[in-house]
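Have a look at work-v3.cif below; it lists mmCIF, C-alpha atoms.
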data_start
#
loop_
_atom_site.label_atom_id
_atom_site.label_comp_id
_atom_site.auth_asym_id
_atom_site.auth_seq_id
_atom_site.Cartn_x
_atom_site.Cartn_y
_atom_site.Cartn_z
CA MET H 1 -26.87 4.15 -41.57
CA SER H 2 -26.89 7.81 -40.56
CA GLU H 3 -29.23 7.03 -37.65
CA GLN H 4 -26.81 4.35 -36.42
CA MET H 5 -23.89 6.78 -36.68
CA ASN H 6 -25.83 9.44 -34.77
CA GLN H 7 -26.70 6.92 -32.07
CA LYS H 8 -23.05 5.86 -31.80
CA GLN H 9 -21.94 9.49 -31.47
CA GLU H 10 -24.59 10.10 -28.88
CA ASP H 11 -23.53 7.04 -26.89
CA SER H 12 -19.91 8.19 -27.09
CA SER H 13 -20.89 11.61 -25.83
CA VAL H 14 -22.89 10.17 -22.95
CA ARG H 15 -19.98 7.94 -22.01
CA GLU H 16 -17.52 10.84 -22.12
CA ASN H 17 -19.78 12.91 -19.90
CA ARG H 18 -20.13 10.02 -17.44
CA LEU H 19 -16.37 9.48 -17.22
CA ASN H 20 -15.73 13.18 -16.78
CA ALA H 21 -18.33 13.25 -14.01
CA ILE H 22 -16.36 10.50 -12.24
CA LEU H 23 -13.09 12.39 -12.65
CA ASP H 24 -14.72 15.51 -11.23
CA LYS H 25 -15.72 13.77 -7.99
CA GLN H 26 -14.12 15.18 -4.86
CA PHE H 27 -12.48 13.62 -1.81
CA VAL H 28 -10.50 14.73 1.24
CA MET H 29 -6.79 14.45 0.45
CA THR H 30 -5.13 15.88 3.58
CA ASP H 31 -5.66 16.02 7.31
CA ALA H 32 -5.86 19.80 6.96
CA GLY H 33 -9.02 19.28 4.90
CA ARG H 34 -7.75 19.95 1.38
CA ILE H 35 -10.24 18.77 -1.22
CA ASP H 36 -9.02 17.31 -4.51
CA GLN H 37 -10.74 15.89 -7.56
CA ILE H 38 -10.03 12.39 -8.83
CA ARG H 39 -8.89 14.02 -12.05
CA ASP H 40 -6.01 15.73 -10.20
CA LEU H 41 -4.41 12.35 -9.54
CA TYR H 42 -4.02 11.71 -13.28
CA THR H 43 -3.43 15.24 -14.58
CA THR H 44 -2.37 17.93 -12.10
CA PHE H 45 0.00 15.71 -10.12
CA ASN H 46 1.38 13.78 -13.12
CA ASP H 47 1.08 15.11 -16.65
CA GLN H 48 2.70 11.98 -18.09
CA VAL H 49 -0.40 9.86 -17.60
CA ASP H 50 -2.34 9.01 -20.76
CA LEU H 51 -5.77 9.78 -19.33
CA GLU H 52 -7.55 9.11 -22.62
CA ALA H 53 -6.10 5.59 -22.68
CA LEU H 54 -7.40 5.01 -19.16
CA LYS H 55 -10.85 6.20 -20.23
CA GLU H 56 -10.85 3.87 -23.23
CA SER H 57 -9.61 0.87 -21.23
CA GLY H 58 -12.40 0.93 -18.65
CA TYR H 59 -10.08 1.71 -15.76
CA ILE H 60 -11.99 4.83 -14.71
CA ASP H 61 -15.04 2.72 -13.81
CA ALA H 62 -12.90 0.45 -11.62
CA LEU H 63 -11.33 3.52 -10.03
CA ASP H 64 -14.78 4.97 -9.35
CA GLN H 65 -15.88 1.80 -7.57
CA MET H 66 -12.69 1.74 -5.49
CA MET H 67 -13.03 5.36 -4.40
CA GLU H 68 -16.80 5.36 -3.91
CA PRO H 69 -16.71 5.46 -0.08
CA VAL H 70 -14.53 8.60 -0.05
CA THR H 71 -16.45 10.42 -2.79
CA MET H 72 -19.98 9.71 -1.54
CA SER H 73 -19.29 11.93 1.48
CA LEU H 74 -16.40 14.07 2.68
CA ASP H 75 -17.13 12.81 6.22
CA ASP H 76 -16.08 9.19 6.76
CA HIS H 77 -18.36 9.06 9.83
CA ALA H 78 -21.40 9.77 7.65
CA PRO H 79 -24.26 7.22 7.83
CA GLU H 80 -24.02 6.51 4.11
CA VAL H 81 -20.35 5.55 4.49
CA ILE H 82 -21.08 3.23 7.42
CA SER H 83 -23.94 1.76 5.38
CA TYR H 84 -21.64 1.27 2.39
CA TRP H 85 -19.38 -0.98 4.45
CA ALA H 86 -22.29 -2.74 6.15
CA LYS H 87 -23.64 -3.75 2.73
CA ARG H 88 -20.27 -5.38 2.07
CA GLY H 89 -20.37 -7.27 5.34
CA MET H 90 -17.94 -5.00 7.20
CA VAL H 91 -18.48 -3.13 10.46
CA LYS H 92 -16.54 0.14 10.50
CA GLU H 93 -15.62 1.35 13.98
CA PHE H 94 -13.67 4.36 15.27
CA HIS H 95 -11.19 4.18 18.15
CA GLY H 96 -8.97 6.57 20.12
CA GLU H 97 -10.42 9.76 18.71
CA ASP H 98 -10.26 11.34 22.16
CA VAL H 99 -6.97 9.72 23.26
CA PRO H 100 -4.22 12.35 22.94
CA MET H 101 -0.72 11.28 21.93
CA SER H 102 1.77 12.70 24.43
CA TRP H 103 5.06 13.12 22.63
CA GLU H 104 6.66 14.35 25.82
CA GLU H 105 5.81 11.07 27.51
CA TYR H 106 6.93 9.15 24.45
CA GLU H 107 10.29 10.93 24.54
CA LEU H 108 10.78 10.05 28.21
CA ARG H 109 10.04 6.42 27.43
CA THR H 110 12.01 6.03 24.19
CA GLY H 111 14.43 8.94 24.01
CA TYR H 112 12.87 9.92 20.69
CA HIS H 113 12.24 13.65 20.26
CA TRP H 114 9.55 14.76 17.82
CA ARG H 115 7.74 18.06 17.64
CA ASP H 116 5.17 19.30 15.17
CA GLU H 117 6.34 22.89 15.20
CA GLY H 118 4.00 23.98 12.41
CA HIS H 119 1.04 22.04 13.80
CA GLN H 120 0.61 20.38 10.39
CA ALA H 121 0.67 16.68 11.23
CA ARG H 122 -2.82 16.46 12.69
CA GLN H 123 -2.87 12.68 12.37
CA ASN H 124 -0.22 12.48 15.11
CA ARG H 125 -2.20 14.33 17.78
CA PHE H 126 -4.38 11.40 18.81
CA LYS H 127 -3.94 7.63 18.95
CA ARG H 128 -6.73 7.18 16.46
CA TRP H 129 -7.43 4.04 14.50
CA ASN H 130 -10.30 2.83 12.37
CA SER H 131 -11.22 -0.83 12.09
CA PHE H 132 -13.16 -2.72 9.45
CA VAL H 133 -14.32 -6.07 10.78
CA PRO H 134 -16.39 -8.80 9.09
CA VAL H 135 -19.90 -9.10 10.52
CA SER H 136 -19.32 -12.79 11.17
CA ALA H 137 -16.63 -11.91 13.72
CA PHE H 138 -19.33 -10.59 16.06
CA ASP H 139 -21.23 -13.89 16.13
CA PRO H 140 -20.97 -15.17 19.74
CA ASP H 141 -20.86 -18.75 18.44
CA ASN H 142 -18.05 -18.00 16.03
CA THR H 143 -14.74 -19.79 16.73
CA ARG H 144 -12.86 -18.53 13.70
CA LYS H 145 -9.78 -16.32 13.93
CA TYR H 146 -9.34 -13.53 11.37
CA PRO H 147 -6.21 -12.30 9.56
CA VAL H 148 -5.44 -8.61 10.18
CA VAL H 149 -3.96 -6.13 7.73
CA PHE H 150 -2.65 -2.80 9.01
CA VAL H 151 -2.94 -0.28 6.17
CA LEU H 152 -0.80 2.84 6.55
CA HIS H 153 -1.76 6.22 5.11
CA GLY H 154 0.57 8.59 3.26
CA GLY H 155 2.12 11.86 4.36
CA PHE H 156 -0.48 14.26 5.76
CA ASN H 157 -3.30 11.99 4.57
CA PRO H 158 -6.25 11.45 6.91
CA ILE H 159 -6.87 7.84 7.87
CA SER H 160 -10.26 8.17 6.16
CA ILE H 161 -8.42 7.94 2.83
CA ILE H 162 -7.89 4.21 3.46
CA ASP H 163 -11.62 3.71 2.72
CA GLY H 164 -10.95 4.59 -0.92
CA TRP H 165 -7.75 2.67 -1.58
CA GLY H 166 -9.24 -0.76 -2.32
CA TRP H 167 -7.71 -2.55 0.67
CA VAL H 168 -10.92 -2.74 2.66
CA GLN H 169 -13.05 -3.81 -0.31
CA GLU H 170 -10.66 -6.70 -0.93
CA ALA H 171 -10.65 -7.61 2.77
CA ALA H 172 -14.45 -7.72 2.71
CA LYS H 173 -14.36 -10.36 -0.04
CA ARG H 174 -12.00 -12.49 2.03
CA GLU H 175 -13.44 -11.72 5.47
CA TRP H 176 -10.23 -10.24 6.82
CA ILE H 177 -9.88 -7.40 9.32
CA VAL H 178 -8.34 -4.07 8.29
CA ILE H 179 -6.93 -1.56 10.76
CA ALA H 180 -6.00 1.97 9.68
CA PRO H 181 -3.84 3.64 12.37
CA SER H 182 -3.22 7.36 12.51
CA ILE H 183 0.26 7.02 14.06
CA GLU H 184 2.46 4.51 12.27
CA LEU H 185 5.23 3.84 14.80
CA ASP H 186 5.78 0.14 15.45
CA ASP H 187 5.25 0.33 19.22
CA VAL H 188 2.02 2.30 18.79
CA ILE H 189 0.83 -0.22 16.20
CA GLU H 190 1.66 -3.00 18.63
CA GLU H 191 -0.47 -1.27 21.29
CA ILE H 192 -3.32 -1.01 18.78
CA LEU H 193 -2.97 -4.70 17.95
CA GLU H 194 -3.33 -5.58 21.63
CA GLU H 195 -6.48 -3.43 21.82
CA ALA H 196 -7.84 -5.09 18.69
CA LYS H 197 -7.17 -8.57 20.11
CA ALA H 198 -9.32 -7.66 23.11
CA LEU H 199 -12.17 -6.61 20.82
CA TYR H 200 -12.02 -9.01 17.88
CA PRO H 201 -11.01 -12.64 17.17
CA VAL H 202 -7.56 -11.91 15.72
CA ASP H 203 -5.38 -14.60 14.15
CA GLU H 204 -2.02 -13.71 15.71
CA SER H 205 -0.18 -15.80 13.13
CA ARG H 206 -1.57 -13.73 10.26
CA VAL H 207 -0.90 -10.05 10.95
CA TYR H 208 0.32 -8.06 7.96
CA VAL H 209 1.22 -4.47 7.17
CA ALA H 210 0.75 -2.58 3.92
CA GLY H 211 1.01 1.08 3.08
CA PHE H 212 1.06 3.55 0.25
CA SER H 213 3.38 6.52 -0.36
CA TYR H 214 4.82 7.48 3.03
CA GLY H 215 2.86 4.54 4.39
CA GLY H 216 4.81 2.44 1.88
CA TYR H 217 8.09 3.66 3.33
CA MET H 218 6.79 2.97 6.82
CA SER H 219 5.62 -0.57 5.98
CA ASN H 220 9.05 -1.19 4.44
CA LEU H 221 10.67 0.01 7.67
CA LEU H 222 8.35 -2.13 9.80
CA GLY H 223 9.15 -5.19 7.70
CA ASN H 224 12.85 -4.63 8.39
CA LYS H 225 12.32 -3.80 12.04
CA ARG H 226 9.49 -6.08 13.24
CA PRO H 227 9.54 -9.57 11.69
CA ASP H 228 8.36 -10.76 15.09
CA LEU H 229 5.07 -8.89 14.62
CA PHE H 230 4.20 -9.20 10.94
CA ALA H 231 3.96 -12.27 8.70
CA ALA H 232 4.51 -10.34 5.44
CA VAL H 233 4.59 -6.74 4.25
CA ALA H 234 3.45 -4.78 1.19
CA PRO H 235 5.20 -1.43 0.79
CA CYS H 236 3.47 0.28 -2.14
CA GLY H 237 3.94 3.60 -3.89
CA ALA H 238 7.58 3.51 -2.77
CA PRO H 239 10.65 1.38 -3.55
CA ILE H 240 11.88 -1.20 -1.07
CA SER H 241 15.12 -0.70 0.84
CA ASP H 242 16.93 -1.75 4.01
CA GLY H 243 15.05 1.00 5.86
CA PHE H 244 18.19 2.85 6.91
CA CYS H 245 17.69 6.43 8.08
CA GLU H 246 20.17 8.25 10.30
CA LYS H 247 17.63 10.66 11.68
CA ALA H 248 13.90 10.92 12.10
CA ILE H 249 12.32 12.05 8.85
CA GLY H 250 8.99 12.77 7.26
CA PRO H 251 5.63 14.25 8.22
CA GLU H 252 4.94 11.22 10.37
CA PRO H 253 7.46 10.29 13.04
CA GLN H 254 9.76 7.71 11.48
CA LEU H 255 12.50 6.88 13.95
CA PRO H 256 16.15 6.43 12.93
CA PHE H 257 16.98 2.87 11.84
CA ASP H 258 20.37 1.24 11.44
CA GLY H 259 19.51 -0.61 8.22
CA LYS H 260 20.11 -4.04 9.75
CA PRO H 261 17.08 -6.22 8.95
CA ARG H 262 16.04 -7.93 12.15
CA ALA H 263 14.87 -11.06 10.33
CA ILE H 264 18.47 -12.02 9.60
CA LYS H 265 19.40 -11.87 13.26
CA MET H 266 16.26 -13.85 14.15
CA GLY H 267 17.03 -16.52 11.57
CA THR H 268 13.72 -16.13 9.79
CA CYS H 269 12.33 -14.71 6.55
CA MET H 270 10.17 -11.65 5.92
CA PRO H 271 8.17 -11.98 2.67
CA VAL H 272 7.63 -8.71 0.80
CA ILE H 273 5.60 -7.56 -2.20
CA ASN H 274 6.40 -4.13 -3.65
CA ILE H 275 3.94 -2.43 -6.02
CA TYR H 276 3.79 0.96 -7.72
CA GLY H 277 3.19 2.55 -11.10
CA ASN H 278 5.72 3.06 -13.85
CA LEU H 279 4.95 6.81 -13.67
CA ASP H 280 5.34 6.94 -9.90
CA GLY H 281 8.79 8.46 -9.52
CA ASN H 282 9.78 7.03 -12.93
CA ARG H 283 11.74 4.23 -11.23
CA PHE H 284 10.67 1.61 -13.77
CA PRO H 285 12.47 0.20 -15.63
CA TYR H 286 15.28 0.14 -13.10
CA TYR H 287 18.02 0.49 -15.69
CA ASP H 288 16.61 3.88 -16.72
CA TYR H 289 16.07 5.31 -13.25
CA LYS H 290 17.57 8.71 -12.56
CA GLY H 291 17.72 10.16 -9.07
CA PHE H 292 15.17 12.82 -8.11
CA PHE H 293 17.79 15.37 -7.15
CA THR H 294 20.84 14.49 -9.23
CA GLY H 295 19.14 13.58 -12.51
CA GLU H 296 21.89 10.99 -12.93
CA SER H 297 21.56 7.21 -13.17
CA ASP H 298 20.75 5.86 -9.73
CA ALA H 299 19.72 2.27 -10.45
CA LYS H 300 22.24 1.08 -7.86
CA THR H 301 20.15 2.55 -5.02
CA LEU H 302 17.11 0.54 -6.11
CA ILE H 303 19.09 -2.65 -6.68
CA ASP H 304 20.77 -2.33 -3.28
CA GLY H 305 17.31 -2.18 -1.71
CA ILE H 306 16.16 -5.30 -3.54
CA ASN H 307 19.33 -7.15 -2.56
CA SER H 308 18.82 -6.27 1.10
CA TRP H 309 15.49 -8.08 0.94
CA ALA H 310 17.07 -10.89 -1.07
CA ARG H 311 19.45 -11.51 1.84
CA VAL H 312 16.54 -11.46 4.30
CA ASN H 313 14.69 -14.07 2.22
CA HIS H 314 17.69 -16.19 1.14
CA ALA H 315 17.23 -15.34 -2.53
CA GLY H 316 19.96 -14.79 -5.09
CA GLU H 317 21.19 -11.22 -5.33
CA ILE H 318 21.13 -9.22 -8.57
CA THR H 319 24.13 -7.27 -9.84
CA LEU H 320 23.92 -3.78 -11.23
CA SER H 321 25.72 -4.93 -14.37
CA GLU H 322 23.00 -7.55 -14.98
CA VAL H 323 20.36 -4.85 -14.73
CA MET H 324 22.13 -2.36 -16.98
CA ALA H 325 22.78 -5.10 -19.56
CA LEU H 326 19.01 -5.31 -20.17
CA LYS H 327 18.92 -1.81 -21.62
CA ASP H 328 18.17 -1.71 -25.35
CA ARG H 329 17.95 -5.50 -25.61
CA ALA H 330 15.18 -6.77 -27.87
CA ASP H 331 15.34 -10.42 -26.82
CA ILE H 332 14.01 -10.07 -23.26
CA SER H 333 10.53 -10.64 -21.87
CA ALA H 334 7.96 -7.88 -21.40
CA GLU H 335 8.34 -8.28 -17.64
CA GLU H 336 12.12 -7.85 -17.78
CA LYS H 337 11.84 -4.89 -20.15
CA ASN H 338 9.28 -2.97 -18.11
CA ILE H 339 10.46 -3.82 -14.59
CA GLY H 340 14.13 -3.71 -15.49
CA LEU H 341 15.24 -6.89 -13.72
CA PRO H 342 16.66 -10.15 -15.11
CA LEU H 343 14.01 -12.77 -14.33
CA ALA H 344 13.84 -16.53 -14.72
CA GLU H 345 11.02 -17.74 -16.94
CA ASP H 346 9.03 -19.08 -13.98
CA CYS H 347 9.41 -15.75 -12.16
CA ARG H 348 7.49 -13.62 -14.66
CA GLU H 349 3.81 -12.81 -14.84
CA THR H 350 1.68 -10.31 -16.75
CA VAL H 351 -1.73 -9.35 -15.39
CA GLU H 352 -4.32 -7.45 -17.42
CA ARG H 353 -7.27 -6.36 -15.34
CA ASP H 354 -9.43 -3.27 -14.90
CA GLY H 355 -8.03 -1.90 -18.13
CA ILE H 356 -4.40 -1.75 -17.03
CA THR H 357 -1.41 -4.00 -17.61
CA SER H 358 0.83 -4.98 -14.72
CA TYR H 359 4.14 -6.83 -14.84
CA ILE H 360 5.23 -8.98 -11.90
CA GLY H 361 8.72 -10.26 -11.21
CA SER H 362 9.53 -12.74 -8.45
CA LEU H 363 12.75 -13.58 -6.64
CA LYS H 364 12.75 -17.08 -5.20
CA SER H 365 14.41 -18.30 -2.05
CA GLY H 366 16.73 -21.27 -2.13
CA ASP H 367 13.76 -23.56 -1.46
CA GLY H 368 11.98 -22.34 -4.61
CA ILE H 369 9.39 -20.16 -2.85
CA ALA H 370 8.79 -16.65 -4.22
CA ARG H 371 9.16 -14.56 -1.07
CA ILE H 372 9.88 -11.33 -2.97
CA LYS H 373 7.58 -9.88 -5.62
CA ILE H 374 7.86 -6.60 -7.48
CA MET H 375 4.98 -5.32 -9.56
CA CYS H 376 5.01 -2.52 -12.13
CA GLU H 377 1.61 -1.06 -13.10
CA MET H 378 1.67 0.59 -16.51
CA ASN H 379 0.40 4.13 -17.14
CA MET H 380 -0.13 4.53 -13.41
CA PRO H 381 0.84 7.57 -11.31
CA HIS H 382 1.21 7.91 -7.54
CA TRP H 383 -2.10 6.37 -6.49
CA PRO H 384 -3.37 2.90 -5.47
CA THR H 385 -5.30 0.59 -7.80
CA PRO H 386 -7.74 -2.27 -7.11
CA GLU H 387 -5.17 -4.75 -8.44
CA MET H 388 -2.62 -3.55 -5.91
CA ALA H 389 -4.76 -4.79 -3.04
CA ARG H 390 -5.70 -8.05 -4.82
CA GLN H 391 -2.08 -8.99 -5.47
CA ALA H 392 -0.98 -8.06 -1.96
CA TYR H 393 -3.72 -10.14 -0.32
CA ASP H 394 -2.98 -13.12 -2.57
CA PHE H 395 0.66 -12.83 -1.50
CA PHE H 396 -0.19 -12.43 2.18
CA ALA H 397 -2.36 -15.55 2.07
CA CYS H 398 0.76 -17.63 1.35
CA PHE H 399 2.51 -16.69 4.59
CA SER H 400 1.95 -16.79 8.32
CA ARG H 401 4.24 -16.52 11.36
CA ASP H 402 4.38 -18.86 14.32
CA PRO H 403 3.37 -16.69 17.32
CA GLU H 404 5.74 -18.61 19.59
CA THR H 405 8.87 -19.32 17.54
CA LYS H 406 8.39 -16.32 15.18
CA LYS H 407 9.37 -18.54 12.24
CA SER H 408 7.91 -17.73 8.83
CA ILE H 409 5.55 -20.39 7.50
CA TYR H 410 4.70 -20.88 3.82
CA HIS H 411 1.24 -22.06 2.72
CA GLU H 412 1.08 -23.41 -0.81
CA GLY H 413 -1.71 -22.13 -3.02
#

Represent the supplied structure as structure tokens.
Amino acid sequence: MSEQMNQKQEDSSVRENRLNAILDKQFVMTDAGRIDQIRDLYTTFNDQVDLEALKESGYIDALDQMMEPVTMSLDDHAPEVISYWAKRGMVKEFHGEDVPMSWEEYELRTGYHWRDEGHQARQNRFKRWNSFVPVSAFDPDNTRKYPVVFVLHGGFNPISIIDGWGWVQEAAKREWIVIAPSIELDDVIEEILEEAKALYPVDESRVYVAGFSYGGYMSNLLGNKRPDLFAAVAPCGAPISDGFCEKAIGPEPQLPFDGKPRAIKMGTCMPVINIYGNLDGNRFPYYDYKGFFTGESDAKTLIDGINSWARVNHAGEITLSEVMALKDRADISAEEKNIGLPLAEDCRETVERDGITSYIGSLKSGDGIARIKIMCEMNMPHWPTPEMARQAYDFFACFSRDPETKKSIYHEG
């Protein structure tokens, strides 16, 4: 018996050492070259995370697999990184690294003035973009067209960080193309799309945009602004809204936007899936949300954002009183309790995968199609997860856009 107990203790010790070794792995966090450890994401930047629970659940192993291409080398051009993607059937290519972005020219063309006075936003100096393309797309006899997902980085992140966010791994399983642009303005992205169409067999009816953190805000803005370009959007690590901003903000150049979703004017829908952790800004559950600066209840701001998208997608709007009425109720579902929204029974889903629990709430359009999804990942801070990409791609697969009429098309299953 004592030998068995000693063996168990030894195994536990080995496991703890292995998990700590994963958490100690390093990656490049910013364009300025700052190096962080994986551990920082779950401790330094958010002390509310129960790291021991994540260790026990098995999540750290899934995280390690997701971030492997950014921890194996601090240089995303390294042969081992290129080989990593090749083994998964993806060709990683680099574009525009020597194509300067002239903001003076851009201002003459658009009237938009942006200057990087502190020379901090390095990602905006060149029209850089990385592509990840299935090997089969290079077959000269291939006649297939491939869906494209633009994945947007966060504030001051290098585009190399996209390698470790799970979006490309999921695309590899589905044989989709991923494009990671350095500059996230819609007209620059449109230029990149035209370049990509000249290089790869792009399915113009299936172009999507997703992003995390500031990239989440930008993908939300693009969904409001460019329903003619994208078939569906996945703003993650940020709440959804109407995209209104009266002046250019942020480390990347986000232009002012009037908050009028273009899909309404076009007479079409813009499907959206919104995903982030319950410890990411502490916005979940909605009825408990307090503003960052005021510390006072600010659930209305979040509900207004959801209702803007409800109008875009012809779904029923939710009242603030309905949301606040959920507080302290014991007779509601786990999804309603943790997301903080009143949800019909057929609009709730709980997913347990990779050692974490996620709650999904759907808002259906008048025709019964769930064109809005909101997902709350439990015990998760401000960082992507493998499930985030899986759910977004499953959602994207349900929607395309007619390249000619720009109408949104639903594909069952």

### Residues within 6 Å of Gln123 in chain H, only C-alpha atoms, excluding chain neighbours under 2 positions, as a list in words
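The residues that qualify are Ala121, Arg125 and Ser182 of chain H.
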
### Residues within 10 Å of Asp98 in chain H, all atoms listed in the file, excluding chain neighbours under 6 positions, as a PyMOL selection string
chain H and resi 125-128

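Shortest atom-to-atom contact with Glu204 in chain H among H:Pro403, H:Pro239, H:Gly368, H:Gly291: H:Pro403, counting all atoms listed in the file.
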
### Task
Skip Lys145 in chain H itself and residues of its chain fewer than 4 positions away, then list as number ranges by chain all residues within 10 Å of it, counting only C-alpha atoms.
H: 137, 176, 200-206

Per residue of range 228-315 of chain H within 10 Å of range 43-67 of chain H, record the nearest atom pair and its distance in Å to one decimal, counting only C-alpha atoms, with rows in chain order and ascending residue number, as JSON lines.
{"residue": "H:Asn278", "atom": "CA", "partner": "H:Val49", "partner_atom": "CA", "distance": 9.9}
{"residue": "H:Leu279", "atom": "CA", "partner": "H:Gln48", "partner_atom": "CA", "distance": 7.2}
{"residue": "H:Asp280", "atom": "CA", "partner": "H:Asn46", "partner_atom": "CA", "distance": 8.5}
{"residue": "H:Gly281", "atom": "CA", "partner": "H:Asn46", "partner_atom": "CA", "distance": 9.8}

### Query
Skipping near chain neighbours, those fewer than 2 positions away, what residues fall within 9 Å of Leu320 in chain H using all atoms listed in the file, listed as a ChimeraX atom specification?
/H:287,299-300,303-304,318,322-325

### Message
Using all atoms listed in the file, can you tell me which of H:Gly361, H:Tyr289, H:Pro147, H:His153 comes closest to Lys197 in chain H?
### Response
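Residue with the minimum atom-to-atom distance to Lys197 in chain H: H:Pro147.
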
### Query
Between H:Met101, H:Val70, H:Leu255, H:Cys376, which one has atoms that come closest to Ile183 in chain H, using all atoms listed in the file?
H:Met101

Using the chain letters and numbering of this document, enumerate as an mmCIF file with C-alpha atoms, in the coordinates of the input the residues selected by the PyMOL selection byres ((chain H and resi 310) around 10).
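Writing done, so here's out.cif:
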data_model
loop_
_atom_site.group_PDB
_atom_site.id
_atom_site.type_symbol
_atom_site.label_atom_id
_atom_site.label_comp_id
_atom_site.auth_asym_id
_atom_site.auth_seq_id
_atom_site.Cartn_x
_atom_site.Cartn_y
_atom_site.Cartn_z
ATOM 1 C CA CYS H 269 12.330 -14.710 6.550
ATOM 2 C CA MET H 270 10.170 -11.650 5.920
ATOM 3 C CA PRO H 271 8.170 -11.980 2.670
ATOM 4 C CA VAL H 272 7.630 -8.710 0.800
ATOM 5 C CA ASP H 304 20.770 -2.330 -3.280
ATOM 6 C CA GLY H 305 17.310 -2.180 -1.710
ATOM 7 C CA ILE H 306 16.160 -5.300 -3.540
ATOM 8 C CA ASN H 307 19.330 -7.150 -2.560
ATOM 9 C CA SER H 308 18.820 -6.270 1.100
ATOM 10 C CA TRP H 309 15.490 -8.080 0.940
ATOM 11 C CA ARG H 311 19.450 -11.510 1.840
ATOM 12 C CA VAL H 312 16.540 -11.460 4.300
ATOM 13 C CA ASN H 313 14.690 -14.070 2.220
ATOM 14 C CA HIS H 314 17.690 -16.190 1.140
ATOM 15 C CA ALA H 315 17.230 -15.340 -2.530
ATOM 16 C CA GLY H 316 19.960 -14.790 -5.090
ATOM 17 C CA GLU H 317 21.190 -11.220 -5.330
ATOM 18 C CA ILE H 318 21.130 -9.220 -8.570
ATOM 19 C CA LEU H 363 12.750 -13.580 -6.640
ATOM 20 C CA LYS H 364 12.750 -17.080 -5.200
ATOM 21 C CA SER H 365 14.410 -18.300 -2.050
ATOM 22 C CA ARG H 371 9.160 -14.560 -1.070
ATOM 23 C CA ILE H 372 9.880 -11.330 -2.970
#

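Residue selection for this entry, given the PyMOL selection byres ((chain H and resi 219) around 8), comprises H:Leu152, H:Val209, H:Ala210, H:Gly211, H:Gly215, H:Gly216, H:Tyr217, H:Met218, H:Asn220, H:Leu221, H:Leu222, H:Gly223, H:Val233, H:Ala234, H:Pro235.
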
### Query
Smallest atom-to-atom distance to Val81 in chain H: which of H:Pro140, H:Asp163, H:Val99, H:Ser358, using only C-alpha atoms?
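Of all the options, H:Asp163 lies closest to Val81 in chain H.
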
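Closest approach to Lys225 in chain H among H:Ala21, H:Val149, H:Leu341, H:Ile264 is made by H:Ile264 (distances from only C-alpha atoms).
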